[in-house]
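The structure appears below as structure tokens.
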Amino acid sequence: MRIVLVGPPGAGKGTQAAFLAKNLSIPHISTGDLFRANISQGTELGKKAKSYMDAGQLVPDEVTIGMAKDRMEQPDAVNGFLLDGFPRNVSQAEALDVALQADDVKLDAVLDLEVPEDEVVKRIAGRRICRNDSAHVFHVEYKQPKTEGVCDVCGGELYQRDDDQEETVRKRLEVYHTQTEPIIGYYQAQGLVKTISALGKVDEVTAKAMEALGR
Ligand code: ADP
């Protein structure tokens, strides 16, 4: 299956994507994770991306589209993938369509995670993620690790992403509304959008998502 996950920052895209990718045996491709990996490795691409990310802005398409396409061309993604955080504006969605058409394949679904705005700010401001694996996500109130600052899963150090500070979160939400939300209409025109509520327990949301995908 080829799936795109959309939803505001803090909707739980990364958390859901990890479970869904495992259930569906397809790779989870997160452009945010790819950027963060480049930043921690000190690559040129990472240097370009960092200032945009810290300001809550989108990284320019010239950088993002090439990086996403390179990842989608890896052998593990031949039979499908779950895209998380890409496309994030209409021109990225158009570039993705062109790339898929060139391979003579199509998207199967666009899963839209809905969550109220005040909930989003609470979720993100308290979010802590593991340095070893961004799928290991905790929250200072809702999902406390057994030992403060330490990942329950692998013992890695928990940290707050630079772009999870409240002011940057508000900017990211604004960018989501103005630039990313229009892709929902773009995909509705192709009949691909399945909308589910992202409120509730993680496994309940995963179950709703699997049902929406017809699995
Ligand atoms: P979230 O979904 O919580 O906002 P991500 O990890 O997906 O977090 O993205 C973090 C940041 O990485 C974004 O605010 C943006 O700066 C950058 N980014 C990720 N994906 C893209 C993309 N497709 N296009 C442009 N910038 C992106």
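Residue numbering restarts at 1 in every chain; chains get A, B, ... in the order shown in the structure tokens, and ligands count up from 1 in that same order.
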- Surroundings of ligand 1 up to 9 Å, based on only C-alpha atoms and all ligand atoms, as a PyMOL selection string: chain A and resi 6-14+30-36+49-61+63-65+68+84-89+92+124+163-164+168-169+171-173+175-176
- Considering only C-alpha atoms, return as number ranges by chain whatever protein or nucleic-acid residues lie within 10 Å of stretch 184-188 of chain A, sequence-local ones (same chain, fewer than 5 positions apart) excluded. A: 4, 6-7, 89-90, 93-94, 107, 109-112, 193-195
Let's have the selection written as a short mmCIF file (atom, residue, chain, number, x, y, z; two decimals), in the first residue's frame, with all heavy atoms.
```
data_model
loop_
_atom_site.label_atom_id
_atom_site.label_comp_id
_atom_site.auth_asym_id
_atom_site.auth_seq_id
_atom_site.Cartn_x
_atom_site.Cartn_y
_atom_site.Cartn_z
N VAL A 4 -0.43 8.25 2.48
CA VAL A 4 0.05 9.54 2.99
C VAL A 4 -0.72 9.83 4.28
O VAL A 4 -1.94 9.67 4.33
CB VAL A 4 -0.22 10.67 1.97
CG1 VAL A 4 0.01 12.03 2.61
CG2 VAL A 4 0.68 10.51 0.74
N VAL A 6 -1.71 12.74 6.91
CA VAL A 6 -1.71 14.19 7.16
C VAL A 6 -2.39 14.50 8.49
O VAL A 6 -3.16 13.71 9.01
CB VAL A 6 -2.43 15.04 6.07
CG1 VAL A 6 -1.60 15.20 4.85
CG2 VAL A 6 -3.80 14.52 5.73
N GLY A 7 -2.11 15.68 8.99
CA GLY A 7 -2.69 16.11 10.26
C GLY A 7 -1.77 17.15 10.85
O GLY A 7 -0.59 17.21 10.49
N ASN A 89 2.75 20.59 1.21
CA ASN A 89 2.09 21.70 0.50
C ASN A 89 1.68 21.17 -0.87
O ASN A 89 2.06 20.04 -1.25
CB ASN A 89 2.98 22.94 0.40
CG ASN A 89 4.28 22.67 -0.33
OD1 ASN A 89 4.34 21.79 -1.19
ND2 ASN A 89 5.32 23.43 -0.02
N VAL A 90 0.90 21.97 -1.60
CA VAL A 90 0.35 21.45 -2.86
C VAL A 90 1.45 21.18 -3.87
O VAL A 90 1.39 20.19 -4.62
CB VAL A 90 -0.76 22.39 -3.40
CG1 VAL A 90 -1.17 21.98 -4.81
CG2 VAL A 90 -1.97 22.36 -2.48
N ALA A 93 2.76 17.86 -3.25
CA ALA A 93 1.79 16.83 -3.63
C ALA A 93 1.83 16.60 -5.14
O ALA A 93 1.78 15.46 -5.63
CB ALA A 93 0.39 17.22 -3.19
N GLU A 94 1.99 17.70 -5.89
CA GLU A 94 2.07 17.57 -7.35
C GLU A 94 3.35 16.85 -7.75
O GLU A 94 3.33 15.98 -8.64
CB GLU A 94 2.00 18.96 -8.00
CG GLU A 94 0.60 19.55 -7.91
CD GLU A 94 0.54 21.05 -8.25
OE1 GLU A 94 1.61 21.70 -8.37
OE2 GLU A 94 -0.59 21.55 -8.39
N LEU A 107 -1.27 6.32 -5.25
CA LEU A 107 -1.56 6.28 -3.81
C LEU A 107 -2.83 5.46 -3.59
O LEU A 107 -3.75 5.50 -4.40
CB LEU A 107 -1.79 7.69 -3.27
CG LEU A 107 -0.57 8.61 -3.19
CD1 LEU A 107 -1.01 9.99 -2.68
CD2 LEU A 107 0.50 8.03 -2.27
N ALA A 109 -4.40 5.64 -0.30
CA ALA A 109 -5.22 6.40 0.64
C ALA A 109 -4.42 7.55 1.25
O ALA A 109 -3.20 7.50 1.34
CB ALA A 109 -5.71 5.49 1.76
N VAL A 110 -5.17 8.57 1.65
CA VAL A 110 -4.60 9.68 2.42
C VAL A 110 -5.35 9.69 3.74
O VAL A 110 -6.57 9.89 3.77
CB VAL A 110 -4.78 11.01 1.67
CG1 VAL A 110 -4.34 12.18 2.53
CG2 VAL A 110 -3.98 10.98 0.37
N LEU A 111 -4.65 9.40 4.82
CA LEU A 111 -5.28 9.31 6.13
C LEU A 111 -5.11 10.64 6.85
O LEU A 111 -3.99 11.09 7.08
CB LEU A 111 -4.61 8.17 6.90
CG LEU A 111 -5.28 7.70 8.17
CD1 LEU A 111 -6.64 7.08 7.88
CD2 LEU A 111 -4.39 6.67 8.86
N ASP A 112 -6.23 11.26 7.16
CA ASP A 112 -6.24 12.60 7.74
C ASP A 112 -6.58 12.48 9.23
O ASP A 112 -7.67 12.05 9.58
CB ASP A 112 -7.30 13.41 6.97
CG ASP A 112 -7.62 14.75 7.61
OD1 ASP A 112 -6.75 15.31 8.30
OD2 ASP A 112 -8.76 15.23 7.41
N VAL A 193 -9.21 10.65 0.42
CA VAL A 193 -9.08 11.05 1.84
C VAL A 193 -9.99 10.25 2.77
O VAL A 193 -11.19 10.11 2.53
CB VAL A 193 -9.38 12.55 1.99
CG1 VAL A 193 -9.28 12.98 3.45
CG2 VAL A 193 -8.42 13.38 1.13
N LYS A 194 -9.40 9.73 3.84
CA LYS A 194 -10.15 9.09 4.94
C LYS A 194 -9.82 9.89 6.20
O LYS A 194 -8.66 9.95 6.60
CB LYS A 194 -9.67 7.66 5.18
CG LYS A 194 -9.36 6.91 3.91
CD LYS A 194 -10.42 5.91 3.61
CE LYS A 194 -10.10 5.12 2.37
NZ LYS A 194 -11.25 4.96 1.50
N THR A 195 -10.84 10.48 6.79
CA THR A 195 -10.61 11.30 7.99
C THR A 195 -11.00 10.54 9.24
O THR A 195 -12.08 9.94 9.29
CB THR A 195 -11.44 12.60 7.89
OG1 THR A 195 -11.05 13.29 6.70
CG2 THR A 195 -11.20 13.49 9.09
#
```
- Apply DSSP to the backbone of this structure and, from stretch 5-181 of chain A, keep only the residues in helix (DSSP H, G or I); write these as a PyMOL selection string. chain A and resi 13-24+31-40+44-54+61-72+75-77+90-102+117-125+162-164+166-180
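Our summary of the geometry notes that atom CA of A:Val140 is positioned 20.7 Å from atom CA of A:Val205.
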- Item | Neighbour list for A:Val137 as a PyMOL selection string, cut-off 10 Å, only C-alpha atoms, skip fewer than 5 positions in-chain | chain A and resi 12+14-15+127-130+143-145+151-153+158-159
